[in-house]
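This report refers to the structure that appears directly beneath it.
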Amino acid sequence: MASLAMAMMLTGVAHRASADTLPADKLPETPLADSTTGPVGDYLRKVHAHIHRRWADNFLRLIGEQMPAVNPLNDVSKVAEVDLVVGPDGQLLSAKVSQSSGFPGFDDAVVEVLRDAVPFPLPPPATRSDDDKLHLHWAFARDRRRCSGVAMVRAYDPVEVAIPKLLRTGRREEALARVTMARGAGQHAEPMFSVLAQDWNKASLHEPWANPRMARIVAERGDDEGVRWLKAALRRPEWTAEAGAALVSLKVPVCSLVNGWFATENSNDSQLAAMALATSSDPACIPGLTKLLENPKAHPEARATAAVALGAIDDNGARKTLANLAKDPATHATLRAAALLAQIRPGAGRRSVIAMETFLRDPSPEIRAAANAGVVRAGGDSNLADLYMLFKENDPRPVLAALRELDRVPSEESTKLIARLAHRPQLPVQKTAAEILVRRGAKDAFATLRPFLEPGTDPELRALALVAADEPELAKAGADPKLALAAFRARLARGERDQAADLFLASGKGMTPADQATAMTYWLTTAPPPAIATATTVGSKPTAVRSAR
């Protein structure tokens, strides 16, 4: 009514008791201009109904009933377009006429109706722009269109500014949409996808599928939450060794965290402590490790774990203890092999290589495993020809031990040997070798994995072999929810980071939450290719785009 009174004053025409009904008023309102589905469409219909009661059912009805048809307000050609901004709390922050109807009274009536409608229905996150506000463009007409011409407008920050902001407010879906938009405009996935992956990775620490790799990434960025997760993971046998190694790499003292476990009556505690200390090299834990190593009642595997941890410590007493065990033929083969290998320091040289070669033909596969691993550890890739016996092995343990050490030797020669070992007839060996080749991005060696793409191959091995697939085959795998993660990793291993990001944007929703998180871990732990020139940043200036999304 206030709008009507104001309009009458502006027109200077008094109302009358009745007027001829305009033909347009007899027709139903045209459907909404924006027929979007989902949260955006739901909101547009809701806010339209909120305004419709005031514009069509009140203002237009009254001017039709009480003002002459010749009055400018009843001119069916009148249309005013308004840009309005609504805050998250439903308050109207601004309403500006962007296209005048040509008659001030009509324009002012529109703005008055909008002001009278405060508060607006609360705009959900999906409708808000990067500035966390709702932007609408609305056409108000005197004809049958009435107030159906409402459309949402997106106000975009530069993508490098928008993504962190969206993630901070929990709007991950919108962040994904922005990455998709930027990729569609030709922008490279880096660094925006890494920002997304880092946020995803941290959020995963609170989920059942969290693992030490995720926590380590978080911790390496200086976030104490990752360190706290790793410390807690020391108590989980499936994560103890990896969590301990991660803490050591982060220069977090591990001995002080687990030393007390050697004093408990639970033998599992001692073994967990030894597993956590495998790479610690902290002399403070020598007494506890020695106690476990020399305990004849402890399981050989637990004692072997202590031997591994002692081998990492530069201490004469520890070396002497290990040497005595390695020489004693009565020592259990598992423990003796661990003690034998633990004495070998990385890069120890030819003398240590020769000492280990003595055991390459030992009857015990555990001793042969230690010997092969020792040759690699002591000599790096300078003595790989001495491992020819691996190609005659029927037991997978010696080959697996050598592969674990070769994994620490990132050279062309070691890669060639790994590729050859990938075709040993033992599935655990094939999978381990393939995993190493994929992890180190050994593109020149990927072709050797192509035979594993054949039907009937072990599914895990076939997934690793996707790095050797041709483009149509890899694209097909990327569209399969069961293979999408493997295809994503294959893209990364091949250095195709943009294509990997596109795969995730297209197929990520079909992955399980655990696979989504794992994909983000792969992204952050796979070395990117050499830097390339980037396309012009999409949205280098804030832009407003009308969008039905």
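The way I read the labels, and the way they are meant: chains A, B, ... in the order of the structure tokens, residue 1 as the first residue of every chain, and ligand 1 as the first ligand shown, with later ones counted on from there.
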For range 215-230 of chain A, please output as an mmCIF file with N, CA and C atoms, in the first residue's frame all residues within 9 Å (counting only C-alpha atoms; exclusion window: fewer than 6 positions along the same chain).
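Writing done, so here's around.cif:
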```
data_model
loop_
_atom_site.group_PDB
_atom_site.id
_atom_site.type_symbol
_atom_site.label_atom_id
_atom_site.label_comp_id
_atom_site.auth_asym_id
_atom_site.auth_seq_id
_atom_site.Cartn_x
_atom_site.Cartn_y
_atom_site.Cartn_z
ATOM 1 N N GLN A 198 44.854 -30.204 -0.585
ATOM 2 C CA GLN A 198 45.349 -30.010 0.782
ATOM 3 C C GLN A 198 44.200 -29.887 1.778
ATOM 4 N N ASN A 201 42.629 -33.326 2.083
ATOM 5 C CA ASN A 201 43.512 -34.214 2.820
ATOM 6 C C ASN A 201 43.394 -33.979 4.326
ATOM 7 N N LYS A 202 43.385 -32.715 4.726
ATOM 8 C CA LYS A 202 43.279 -32.416 6.157
ATOM 9 C C LYS A 202 41.932 -32.857 6.718
ATOM 10 N N SER A 204 40.231 -35.257 5.810
ATOM 11 C CA SER A 204 40.188 -36.717 5.859
ATOM 12 C C SER A 204 40.763 -37.279 7.160
ATOM 13 N N LEU A 205 41.536 -36.484 7.887
ATOM 14 C CA LEU A 205 42.104 -36.977 9.141
ATOM 15 C C LEU A 205 41.023 -37.326 10.160
ATOM 16 N N TRP A 239 49.633 -49.249 11.316
ATOM 17 C CA TRP A 239 50.209 -47.956 10.970
ATOM 18 C C TRP A 239 51.498 -47.636 11.706
ATOM 19 N N THR A 240 51.869 -48.461 12.681
ATOM 20 C CA THR A 240 52.985 -48.116 13.566
ATOM 21 C C THR A 240 54.261 -47.777 12.810
ATOM 22 N N GLU A 242 54.859 -47.011 9.616
ATOM 23 C CA GLU A 242 54.773 -45.851 8.729
ATOM 24 C C GLU A 242 54.649 -44.553 9.527
ATOM 25 N N ALA A 243 53.862 -44.601 10.608
ATOM 26 C CA ALA A 243 53.719 -43.403 11.438
ATOM 27 C C ALA A 243 55.044 -43.047 12.106
ATOM 28 N N GLY A 244 55.763 -44.060 12.582
ATOM 29 C CA GLY A 244 57.062 -43.801 13.199
ATOM 30 C C GLY A 244 58.039 -43.191 12.213
ATOM 31 N N ALA A 246 57.308 -41.476 9.551
ATOM 32 C CA ALA A 246 56.866 -40.114 9.246
ATOM 33 C C ALA A 246 57.297 -39.144 10.345
ATOM 34 N N LEU A 247 57.136 -39.543 11.596
ATOM 35 C CA LEU A 247 57.533 -38.677 12.712
ATOM 36 C C LEU A 247 59.042 -38.431 12.686
ATOM 37 N N LEU A 250 59.910 -35.915 10.229
ATOM 38 C CA LEU A 250 59.486 -34.590 10.684
ATOM 39 C C LEU A 250 60.316 -34.089 11.870
ATOM 40 N N VAL A 252 60.486 -35.356 14.827
ATOM 41 C CA VAL A 252 59.772 -35.495 16.099
ATOM 42 C C VAL A 252 60.389 -36.668 16.846
ATOM 43 N N THR A 521 45.556 -37.595 -1.989
ATOM 44 C CA THR A 521 46.883 -37.939 -1.466
ATOM 45 C C THR A 521 47.843 -38.223 -2.615
ATOM 46 N N LEU A 524 49.030 -34.979 -4.160
ATOM 47 C CA LEU A 524 49.995 -34.223 -3.366
ATOM 48 C C LEU A 524 51.341 -34.923 -3.231
ATOM 49 N N THR A 525 51.377 -36.234 -3.450
ATOM 50 C CA THR A 525 52.631 -36.973 -3.268
ATOM 51 C C THR A 525 53.279 -37.387 -4.581
#
```
Hey, what's within 8 Å of range 92-100 of chain A if we count only C-alpha atoms and toss same-chain stuff fewer than 5 positions away? As a ChimeraX atom specification, please? /A:79-87,107,111,114-115,118-120
So which one's closest to Lys476 in chain A, A:Phe391, A:Phe359, A:Trp138, A:Phe488? Using only C-alpha atoms, please.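 The shortest atom-to-atom distance to Lys476 in chain A comes from A:Phe488.
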Given only C-alpha atoms as the basis, pick out the residue of A:Ile436, A:Ala419, A:Ala318, A:Leu122 nearest to Leu293 in chain A. A:Ala318
Among range 37-142 of chain A, which ones does DSSP place in strand (DSSP E), written as a PyMOL selection string? chain A and resi 79-86+92-99+134-141
How would you write, as a PyMOL selection string, the set of residues in range 173-384 of chain A that DSSP gives as helix (DSSP H, G or I)? chain A and resi 173-184+192-204+212-220+224-233+240-249+255-263+267-276+283-293+300-311+316-327+333-342+350-357+365-379+384
Which residues of range 90-181 of chain A come within 7 Å of range 48-54 of chain A, and for each one, what is the closest pair of atoms and their distance in Å to one decimal, counting only C-alpha atoms, sorted by chain and residue number, as JSON lines?
```
{"residue": "A:Val113", "atom": "CA", "partner": "A:Arg54", "partner_atom": "CA", "distance": 6.5}
{"residue": "A:Ala117", "atom": "CA", "partner": "A:Ile51", "partner_atom": "CA", "distance": 6.7}
{"residue": "A:Cys147", "atom": "CA", "partner": "A:His52", "partner_atom": "CA", "distance": 6.5}
```
